[in-house]
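Trainee: Just so it is clear, I am handing over model-v5.pdb, which has PDB, N, CA and C atoms.
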```pdb
MODEL        1
ATOM      1  N   MET A   1      23.241  -0.651  44.833
ATOM      2  CA  MET A   1      21.940  -1.004  44.309
ATOM      3  C   MET A   1      21.767  -2.509  44.434
ATOM      4  N   GLU A   2      20.615  -2.905  44.736
ATOM      5  CA  GLU A   2      20.328  -4.332  44.882
ATOM      6  C   GLU A   2      19.374  -4.761  43.763
ATOM      7  N   TRP A   3      19.833  -5.667  42.923
ATOM      8  CA  TRP A   3      19.021  -6.172  41.817
ATOM      9  C   TRP A   3      18.480  -7.538  42.180
ATOM     10  N   SER A   4      17.234  -7.773  41.846
ATOM     11  CA  SER A   4      16.626  -9.084  42.029
ATOM     12  C   SER A   4      16.158  -9.568  40.666
ATOM     13  N   ARG A   5      16.458 -10.833  40.348
ATOM     14  CA  ARG A   5      16.069 -11.402  39.059
ATOM     15  C   ARG A   5      14.924 -12.383  39.268
ATOM     16  N   PHE A   6      13.897 -12.249  38.455
ATOM     17  CA  PHE A   6      12.745 -13.143  38.514
ATOM     18  C   PHE A   6      12.502 -13.731  37.138
ATOM     19  N   ASP A   7      12.382 -15.060  37.053
ATOM     20  CA  ASP A   7      12.008 -15.721  35.806
ATOM     21  C   ASP A   7      10.492 -15.757  35.739
ATOM     22  N   LEU A   8       9.948 -15.398  34.598
ATOM     23  CA  LEU A   8       8.508 -15.431  34.404
ATOM     24  C   LEU A   8       8.137 -16.821  33.901
ATOM     25  N   PRO A   9       7.427 -17.609  34.709
ATOM     26  CA  PRO A   9       7.134 -18.995  34.357
ATOM     27  C   PRO A   9       6.382 -19.125  33.035
ATOM     28  N   GLY A  10       6.833 -20.069  32.231
ATOM     29  CA  GLY A  10       6.156 -20.371  30.979
ATOM     30  C   GLY A  10       6.425 -19.397  29.843
ATOM     31  N   THR A  11       7.188 -18.335  30.095
ATOM     32  CA  THR A  11       7.429 -17.349  29.037
ATOM     33  C   THR A  11       8.858 -17.385  28.532
ATOM     34  N   GLY A  12       9.775 -17.932  29.311
ATOM     35  CA  GLY A  12      11.178 -17.923  28.935
ATOM     36  C   GLY A  12      11.825 -16.560  29.118
ATOM     37  N   LYS A  13      11.108 -15.642  29.753
ATOM     38  CA  LYS A  13      11.630 -14.293  29.971
ATOM     39  C   LYS A  13      12.076 -14.130  31.419
ATOM     40  N   CYS A  14      12.979 -13.185  31.625
ATOM     41  CA  CYS A  14      13.359 -12.859  32.983
ATOM     42  C   CYS A  14      13.289 -11.344  33.163
ATOM     43  N   VAL A  15      13.061 -10.927  34.392
ATOM     44  CA  VAL A  15      12.909  -9.516  34.717
ATOM     45  C   VAL A  15      13.857  -9.193  35.852
ATOM     46  N   GLU A  16      14.548  -8.066  35.750
ATOM     47  CA  GLU A  16      15.395  -7.608  36.838
ATOM     48  C   GLU A  16      14.747  -6.383  37.459
ATOM     49  N   VAL A  17      14.654  -6.391  38.778
ATOM     50  CA  VAL A  17      13.982  -5.324  39.501
ATOM     51  C   VAL A  17      14.970  -4.685  40.458
ATOM     52  N   LEU A  18      14.979  -3.367  40.499
ATOM     53  CA  LEU A  18      15.842  -2.634  41.413
ATOM     54  C   LEU A  18      15.101  -2.402  42.718
ATOM     55  N   ALA A  19      15.673  -2.932  43.799
ATOM     56  CA  ALA A  19      15.060  -2.763  45.114
ATOM     57  C   ALA A  19      15.315  -1.336  45.597
ATOM     58  N   PRO A  20      14.347  -0.722  46.284
ATOM     59  CA  PRO A  20      14.533   0.656  46.746
ATOM     60  C   PRO A  20      15.655   0.754  47.776
ATOM     61  N   GLU A  21      16.471   1.785  47.633
ATOM     62  CA  GLU A  21      17.565   2.048  48.571
ATOM     63  C   GLU A  21      17.674   3.558  48.773
ATOM     64  N   SER A  22      18.385   3.931  49.787
ATOM     65  CA  SER A  22      18.626   5.356  50.003
ATOM     66  C   SER A  22      19.639   5.854  48.979
ATOM     67  N   VAL A  23      19.666   7.147  48.762
ATOM     68  CA  VAL A  23      20.621   7.741  47.827
ATOM     69  C   VAL A  23      22.048   7.457  48.278
ATOM     70  N   ALA A  24      22.306   7.519  49.566
ATOM     71  CA  ALA A  24      23.658   7.251  50.088
ATOM     72  C   ALA A  24      24.056   5.801  49.829
ATOM     73  N   ALA A  25      23.124   4.868  50.013
ATOM     74  CA  ALA A  25      23.432   3.455  49.789
ATOM     75  C   ALA A  25      23.733   3.209  48.316
ATOM     76  N   ARG A  26      22.987   3.865  47.421
ATOM     77  CA  ARG A  26      23.249   3.716  45.991
ATOM     78  C   ARG A  26      24.612   4.276  45.612
ATOM     79  N   ALA A  27      24.997   5.362  46.250
ATOM     80  CA  ALA A  27      26.290   5.973  45.952
ATOM     81  C   ALA A  27      27.443   5.070  46.395
ATOM     82  N   ARG A  28      27.250   4.323  47.494
ATOM     83  CA  ARG A  28      28.305   3.427  47.993
ATOM     84  C   ARG A  28      28.442   2.144  47.177
ATOM     85  N   ARG A  29      27.359   1.722  46.558
ATOM     86  CA  ARG A  29      27.370   0.406  45.901
ATOM     87  C   ARG A  29      26.947   0.536  44.438
ATOM     88  N   ASN A  30      27.758   0.015  43.527
ATOM     89  CA  ASN A  30      27.456   0.011  42.108
ATOM     90  C   ASN A  30      27.676  -1.403  41.583
ATOM     91  N   PRO A  31      26.617  -2.142  41.213
ATOM     92  CA  PRO A  31      26.781  -3.543  40.815
ATOM     93  C   PRO A  31      27.643  -3.724  39.573
ATOM     94  N   PHE A  32      27.714  -2.718  38.709
ATOM     95  CA  PHE A  32      28.500  -2.857  37.495
ATOM     96  C   PHE A  32      29.996  -2.700  37.760
ATOM     97  N   LEU A  33      30.363  -1.999  38.827
ATOM     98  CA  LEU A  33      31.765  -1.849  39.173
ATOM     99  C   LEU A  33      32.239  -2.926  40.143
ATOM    100  N   SER A  34      31.325  -3.458  40.956
ATOM    101  CA  SER A  34      31.722  -4.406  41.991
ATOM    102  C   SER A  34      31.657  -5.857  41.540
ATOM    103  N   SER A  35      31.105  -6.134  40.370
ATOM    104  CA  SER A  35      30.999  -7.522  39.923
ATOM    105  C   SER A  35      31.917  -7.747  38.731
ATOM    106  N   ASN A  36      32.026  -8.991  38.349
ATOM    107  CA  ASN A  36      32.881  -9.350  37.220
ATOM    108  C   ASN A  36      32.084  -9.509  35.933
ATOM    109  N   MET A  37      30.886  -8.947  35.874
ATOM    110  CA  MET A  37      30.064  -9.139  34.686
ATOM    111  C   MET A  37      30.663  -8.390  33.502
ATOM    112  N   LYS A  38      30.595  -9.034  32.353
ATOM    113  CA  LYS A  38      31.072  -8.414  31.126
ATOM    114  C   LYS A  38      29.852  -8.092  30.276
ATOM    115  N   LEU A  39      29.658  -6.814  29.978
ATOM    116  CA  LEU A  39      28.504  -6.364  29.213
ATOM    117  C   LEU A  39      28.903  -6.139  27.761
ATOM    118  N   LEU A  40      28.069  -6.639  26.852
ATOM    119  CA  LEU A  40      28.326  -6.527  25.423
ATOM    120  C   LEU A  40      27.237  -5.690  24.761
ATOM    121  N   THR A  41      27.615  -4.940  23.744
ATOM    122  CA  THR A  41      26.639  -4.188  22.966
ATOM    123  C   THR A  41      25.848  -5.159  22.096
ATOM    124  N   THR A  42      24.817  -4.647  21.435
ATOM    125  CA  THR A  42      24.022  -5.503  20.549
ATOM    126  C   THR A  42      24.894  -6.071  19.436
ATOM    127  N   ALA A  43      25.767  -5.254  18.862
ATOM    128  CA  ALA A  43      26.643  -5.726  17.783
ATOM    129  C   ALA A  43      27.591  -6.822  18.288
ATOM    130  N   GLU A  44      28.149  -6.625  19.491
ATOM    131  CA  GLU A  44      29.058  -7.629  20.057
ATOM    132  C   GLU A  44      28.315  -8.917  20.397
ATOM    133  N   ALA A  45      27.098  -8.779  20.941
ATOM    134  CA  ALA A  45      26.289  -9.955  21.273
ATOM    135  C   ALA A  45      25.903 -10.707  20.005
ATOM    136  N   ALA A  46      25.581  -9.965  18.947
ATOM    137  CA  ALA A  46      25.227 -10.593  17.675
ATOM    138  C   ALA A  46      26.413 -11.389  17.122
ATOM    139  N   ALA A  47      27.601 -10.818  17.209
ATOM    140  CA  ALA A  47      28.801 -11.530  16.756
ATOM    141  C   ALA A  47      29.034 -12.775  17.610
ATOM    142  N   PHE A  48      28.825 -12.659  18.903
ATOM    143  CA  PHE A  48      28.994 -13.788  19.828
ATOM    144  C   PHE A  48      28.051 -14.934  19.450
ATOM    145  N   LEU A  49      26.796 -14.596  19.083
ATOM    146  CA  LEU A  49      25.781 -15.607  18.757
ATOM    147  C   LEU A  49      25.775 -15.994  17.274
ATOM    148  N   HIS A  50      26.626 -15.344  16.463
ATOM    149  CA  HIS A  50      26.662 -15.592  15.016
ATOM    150  C   HIS A  50      25.301 -15.302  14.379
ATOM    151  N   LYS A  51      24.699 -14.205  14.790
ATOM    152  CA  LYS A  51      23.398 -13.766  14.272
ATOM    153  C   LYS A  51      23.516 -12.294  13.877
ATOM    154  N   PRO A  52      22.689 -11.814  12.944
ATOM    155  CA  PRO A  52      22.671 -10.381  12.636
ATOM    156  C   PRO A  52      22.120  -9.581  13.827
ATOM    157  N   ALA A  53      22.567  -8.359  13.976
ATOM    158  CA  ALA A  53      22.077  -7.498  15.057
ATOM    159  C   ALA A  53      20.565  -7.308  14.952
ATOM    160  N   GLY A  54      20.039  -7.313  13.740
ATOM    161  CA  GLY A  54      18.595  -7.175  13.536
ATOM    162  C   GLY A  54      17.813  -8.313  14.170
ATOM    163  N   THR A  55      18.408  -9.490  14.205
ATOM    164  CA  THR A  55      17.750 -10.632  14.844
ATOM    165  C   THR A  55      17.589 -10.382  16.331
ATOM    166  N   LEU A  56      18.617  -9.831  16.984
ATOM    167  CA  LEU A  56      18.520  -9.522  18.415
ATOM    168  C   LEU A  56      17.482  -8.439  18.659
ATOM    169  N   ARG A  57      17.424  -7.430  17.777
ATOM    170  CA  ARG A  57      16.402  -6.384  17.915
ATOM    171  C   ARG A  57      14.999  -6.982  17.767
ATOM    172  N   TYR A  58      14.835  -7.893  16.811
ATOM    173  CA  TYR A  58      13.538  -8.547  16.612
ATOM    174  C   TYR A  58      13.170  -9.375  17.840
ATOM    175  N   TRP A  59      14.117 -10.150  18.355
ATOM    176  CA  TRP A  59      13.863 -10.958  19.549
ATOM    177  C   TRP A  59      13.415 -10.079  20.714
ATOM    178  N   ARG A  60      14.069  -8.912  20.887
ATOM    179  CA  ARG A  60      13.663  -8.002  21.968
ATOM    180  C   ARG A  60      12.235  -7.524  21.753
ATOM    181  N   ALA A  61      11.884  -7.212  20.504
ATOM    182  CA  ALA A  61      10.544  -6.694  20.204
ATOM    183  C   ALA A  61       9.450  -7.723  20.478
ATOM    184  N   VAL A  62       9.751  -9.003  20.230
ATOM    185  CA  VAL A  62       8.729 -10.035  20.415
ATOM    186  C   VAL A  62       8.854 -10.754  21.754
ATOM    187  N   GLY A  63       9.841 -10.348  22.565
ATOM    188  CA  GLY A  63       9.997 -10.949  23.894
ATOM    189  C   GLY A  63      10.671 -12.300  23.871
ATOM    190  N   ALA A  64      11.509 -12.541  22.879
ATOM    191  CA  ALA A  64      12.247 -13.806  22.786
ATOM    192  C   ALA A  64      13.738 -13.509  22.932
ATOM    193  N   GLY A  65      14.551 -14.549  22.868
ATOM    194  CA  GLY A  65      15.992 -14.367  22.894
ATOM    195  C   GLY A  65      16.555 -14.227  24.288
ATOM    196  N   PRO A  66      17.831 -13.885  24.362
ATOM    197  CA  PRO A  66      18.497 -13.787  25.661
ATOM    198  C   PRO A  66      18.059 -12.554  26.449
ATOM    199  N   CYS A  67      18.229 -12.625  27.767
ATOM    200  CA  CYS A  67      17.928 -11.477  28.636
ATOM    201  C   CYS A  67      18.902 -10.347  28.325
ATOM    202  N   TYR A  68      18.452  -9.134  28.541
ATOM    203  CA  TYR A  68      19.305  -7.970  28.289
ATOM    204  C   TYR A  68      19.064  -6.919  29.349
ATOM    205  N   VAL A  69      19.974  -5.959  29.403
ATOM    206  CA  VAL A  69      19.886  -4.836  30.338
ATOM    207  C   VAL A  69      19.650  -3.595  29.502
ATOM    208  N   LYS A  70      18.698  -2.773  29.919
ATOM    209  CA  LYS A  70      18.444  -1.531  29.197
ATOM    210  C   LYS A  70      18.649  -0.371  30.155
ATOM    211  N   MET A  71      19.595   0.490  29.808
ATOM    212  CA  MET A  71      19.875   1.688  30.601
ATOM    213  C   MET A  71      19.645   2.883  29.695
ATOM    214  N   GLY A  72      18.506   3.513  29.874
ATOM    215  CA  GLY A  72      18.134   4.584  28.956
ATOM    216  C   GLY A  72      17.851   3.966  27.602
ATOM    217  N   LYS A  73      18.563   4.424  26.572
ATOM    218  CA  LYS A  73      18.401   3.855  25.231
ATOM    219  C   LYS A  73      19.431   2.775  24.940
ATOM    220  N   THR A  74      20.372   2.595  25.845
ATOM    221  CA  THR A  74      21.442   1.631  25.639
ATOM    222  C   THR A  74      20.987   0.228  26.025
ATOM    223  N   VAL A  75      21.184  -0.708  25.107
ATOM    224  CA  VAL A  75      20.858  -2.111  25.362
ATOM    225  C   VAL A  75      22.171  -2.877  25.459
ATOM    226  N   LEU A  76      22.328  -3.619  26.554
ATOM    227  CA  LEU A  76      23.539  -4.404  26.780
ATOM    228  C   LEU A  76      23.167  -5.827  27.144
ATOM    229  N   TYR A  77      24.033  -6.748  26.787
ATOM    230  CA  TYR A  77      23.838  -8.162  27.101
ATOM    231  C   TYR A  77      24.982  -8.623  27.983
ATOM    232  N   GLU A  78      24.659  -9.323  29.048
ATOM    233  CA  GLU A  78      25.690  -9.892  29.902
ATOM    234  C   GLU A  78      26.200 -11.163  29.220
ATOM    235  N   GLU A  79      27.512 -11.290  29.135
ATOM    236  CA  GLU A  79      28.114 -12.430  28.446
ATOM    237  C   GLU A  79      27.647 -13.758  29.036
ATOM    238  N   ALA A  80      27.522 -13.843  30.349
ATOM    239  CA  ALA A  80      27.067 -15.077  30.998
ATOM    240  C   ALA A  80      25.640 -15.425  30.575
ATOM    241  N   GLU A  81      24.792 -14.414  30.359
ATOM    242  CA  GLU A  81      23.420 -14.655  29.897
ATOM    243  C   GLU A  81      23.417 -15.228  28.489
ATOM    244  N   LEU A  82      24.330 -14.741  27.650
ATOM    245  CA  LEU A  82      24.422 -15.265  26.286
ATOM    246  C   LEU A  82      24.862 -16.725  26.295
ATOM    247  N   VAL A  83      25.808 -17.051  27.165
ATOM    248  CA  VAL A  83      26.262 -18.445  27.293
ATOM    249  C   VAL A  83      25.106 -19.320  27.759
ATOM    250  N   ASP A  84      24.349 -18.842  28.756
ATOM    251  CA  ASP A  84      23.185 -19.591  29.246
ATOM    252  C   ASP A  84      22.145 -19.771  28.138
ATOM    253  N   PHE A  85      21.949 -18.735  27.320
ATOM    254  CA  PHE A  85      20.991 -18.809  26.225
ATOM    255  C   PHE A  85      21.410 -19.877  25.212
ATOM    256  N   VAL A  86      22.691 -19.900  24.884
ATOM    257  CA  VAL A  86      23.198 -20.908  23.947
ATOM    258  C   VAL A  86      23.011 -22.302  24.527
ATOM    259  N   LYS A  87      23.358 -22.464  25.806
ATOM    260  CA  LYS A  87      23.216 -23.773  26.450
ATOM    261  C   LYS A  87      21.759 -24.217  26.499
ATOM    262  N   SER A  88      20.844 -23.271  26.725
ATOM    263  CA  SER A  88      19.426 -23.638  26.806
ATOM    264  C   SER A  88      18.856 -24.021  25.441
ATOM    265  N   ASN A  89      19.547 -23.671  24.366
ATOM    266  CA  ASN A  89      19.092 -24.010  23.021
ATOM    267  C   ASN A  89      19.891 -25.149  22.399
ATOM    268  N   THR A  90      20.675 -25.842  23.209
ATOM    269  CA  THR A  90      21.457 -26.971  22.716
ATOM    270  C   THR A  90      20.526 -28.150  22.462
ATOM    271  N   VAL A  91      20.672 -28.744  21.308
ATOM    272  CA  VAL A  91      19.848 -29.896  20.933
ATOM    273  C   VAL A  91      20.693 -31.155  21.090
ATOM    274  N   VAL A  92      20.174 -32.116  21.827
ATOM    275  CA  VAL A  92      20.849 -33.386  22.017
ATOM    276  C   VAL A  92      20.260 -34.371  21.015
ATOM    277  N   PRO A  93      21.119 -35.049  20.244
ATOM    278  CA  PRO A  93      20.595 -35.994  19.258
ATOM    279  C   PRO A  93      19.768 -37.085  19.919
ATOM    280  N   SER A  94      18.759 -37.532  19.206
ATOM    281  CA  SER A  94      17.900 -38.585  19.745
ATOM    282  C   SER A  94      18.628 -39.920  19.710
ATOM    283  N   VAL A  95      18.078 -40.910  20.375
ATOM    284  CA  VAL A  95      18.665 -42.236  20.411
ATOM    285  C   VAL A  95      18.733 -42.814  19.004
ATOM    286  N   ARG A  96      17.710 -42.541  18.198
ATOM    287  CA  ARG A  96      17.682 -43.046  16.829
ATOM    288  C   ARG A  96      18.855 -42.477  16.022
ATOM    289  N   THR A  97      19.123 -41.200  16.191
ATOM    290  CA  THR A  97      20.226 -40.562  15.472
ATOM    291  C   THR A  97      21.554 -41.163  15.913
ATOM    292  N   GLU A  98      21.722 -41.356  17.201
ATOM    293  CA  GLU A  98      22.968 -41.945  17.708
ATOM    294  C   GLU A  98      23.155 -43.356  17.176
ATOM    295  N   ALA A  99      22.073 -44.144  17.106
ATOM    296  CA  ALA A  99      22.149 -45.513  16.589
ATOM    297  C   ALA A  99      22.528 -45.496  15.113
ATOM    298  N   ARG A 100      21.950 -44.544  14.357
ATOM    299  CA  ARG A 100      22.269 -44.422  12.941
ATOM    300  C   ARG A 100      23.737 -44.067  12.743
ATOM    301  N   GLU A 101      24.250 -43.119  13.569
ATOM    302  CA  GLU A 101      25.663 -42.732  13.457
ATOM    303  C   GLU A 101      26.570 -43.897  13.817
ATOM    304  N   GLU A 102      26.198 -44.667  14.828
ATOM    305  CA  GLU A 102      26.985 -45.823  15.248
ATOM    306  C   GLU A 102      27.010 -46.869  14.136
ATOM    307  N   ALA A 103      25.877 -47.094  13.473
ATOM    308  CA  ALA A 103      25.815 -48.050  12.383
ATOM    309  C   ALA A 103      26.686 -47.597  11.216
ATOM    310  N   THR A 104      26.708 -46.299  10.979
ATOM    311  CA  THR A 104      27.555 -45.761   9.902
ATOM    312  C   THR A 104      29.020 -45.964  10.230
ATOM    313  N   ARG A 105      29.401 -45.722  11.497
ATOM    314  CA  ARG A 105      30.798 -45.920  11.904
ATOM    315  C   ARG A 105      31.199 -47.392  11.772
ATOM    316  N   VAL A 106      30.310 -48.299  12.131
ATOM    317  CA  VAL A 106      30.604 -49.734  12.050
ATOM    318  C   VAL A 106      30.740 -50.154  10.597
ATOM    319  N   ALA A 107      29.895 -49.590   9.721
ATOM    320  CA  ALA A 107      29.925 -49.956   8.295
ATOM    321  C   ALA A 107      31.206 -49.477   7.634
ATOM    322  N   LEU A 108      31.786 -48.391   8.129
ATOM    323  CA  LEU A 108      33.013 -47.862   7.532
ATOM    324  C   LEU A 108      34.153 -48.717   7.975
TER     325      LEU A 108
ENDMDL
END
```
As structure tokens, what does this structure read like?
Mentor:
Amino acid sequence: MEWSRFDLPGTGKCVEVLAPESVAARARRNPFLSSNMKLLTTAEAAAFLHKPAGTLRYWRAVGAGPCYVKMGKTVLYEEAELVDFVKSNTVVPSVRTEAREEATRVAL
């Protein structure tokens, strides 16, 4: 199976689309067996992010949060996507904050 990922501009969402293939081609290739991706359940992803599982369910309902894979009723999160989500939400202190911390260190 061939998956293509598209980021939706301005929404922070991404969509994965399955490209059409023959039945024989799908039988020969399985992206979940041939790649090194680690898939986590909602509970595991919630523990990884230090958030309640309900928060991830809410994020899915409102179209926020990390990208996920849905196979039937099963929702899975790729560990690399969770890492990317955390990195994209990293806050870098402002110059003013750094100057204040430096002044505090000098005063001590």
Trainee: Could you tell me which residues the PyMOL selection byres (((chain A and resi 83 and name CA) around 12) and name CA) returns for this structure, as a ChimeraX atom specification?
Mentor: /A:38,45,48-49,65-67,77-82,84-90
Trainee: So how far away is atom CA of Lys13 of chain A from atom N of His50 of chain A, in Å?
Mentor: 20.2 Å
Trainee: Mind checking which residues fall within 8 Å of Ala64 of chain A, counting only N, CA and C atoms, ignoring those fewer than 5 positions away in the same chain, and posting them as a PyMOL selection string?
Mentor: chain A and resi 11-13+56+58-59
Trainee: Rounded to one decimal in Å, what is the spacing between atom CA of Leu8 of chain A and atom C of Tyr68 of chain A?
Mentor: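 Atom-to-atom, atom CA of Leu8 of chain A to atom C of Tyr68 of chain A, that is 14.5 Å.
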Trainee: Provide the atom CA of Lys73 of chain A to atom CA of Gly10 of chain A distance in Å, to one decimal place.
Mentor: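 We find that atom CA of Lys73 of chain A and atom CA of Gly10 of chain A lie 27.7 Å from each other.
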Trainee: Restricting the calculation to only N, CA and C atoms, which member of A:Val92, A:Ala99, A:Val75, A:Val69 is positioned closest to Thr41 of chain A?
Mentor: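 Once distances to Thr41 of chain A are computed over only N, CA and C atoms, the minimum belongs to A:Val75.
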Trainee: Tell me which protein, DNA and RNA residues are within 6 Å of Ala53 of chain A, counting all atoms listed in the file, leaving out same-chain ones fewer than 5 positions away, and put them as a PDB file with N, CA and C atoms, in the frame of the given file.
Mentor:
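Saved result, result30.pdb, follows:
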```
ATOM      1  N   THR A  42      24.817  -4.647  21.435  1.00  0.00           N
ATOM      2  CA  THR A  42      24.022  -5.503  20.549  1.00  0.00           C
ATOM      3  C   THR A  42      24.894  -6.071  19.436  1.00  0.00           C
ATOM      4  N   ALA A  43      25.767  -5.254  18.862  1.00  0.00           N
ATOM      5  CA  ALA A  43      26.643  -5.726  17.783  1.00  0.00           C
ATOM      6  C   ALA A  43      27.591  -6.822  18.288  1.00  0.00           C
ATOM      7  N   ALA A  46      25.581  -9.965  18.947  1.00  0.00           N
ATOM      8  CA  ALA A  46      25.227 -10.593  17.675  1.00  0.00           C
ATOM      9  C   ALA A  46      26.413 -11.389  17.122  1.00  0.00           C
TER      10      ALA A  46
END
```
Trainee: Axis-aligned box over every listed atom of segment 74-80 of chain A, padded by 6 Å per side: centre and edges in Å to one decimal, as AutoDock Vina command-line options?
Mentor:
```
--center_x 24.2 --center_y -6.4 --center_z 28.1 --size_x 19.7 --size_y 30.0 --size_z 17.9
```
Trainee: Of the candidates A:Ala103, A:Cys14, A:Leu76, A:Met71, which one gets nearest to Leu40 of chain A if we count only N, CA and C atoms?
Mentor: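 Among A:Ala103, A:Cys14, A:Leu76, A:Met71, it is A:Leu76 that comes nearest to Leu40 of chain A.
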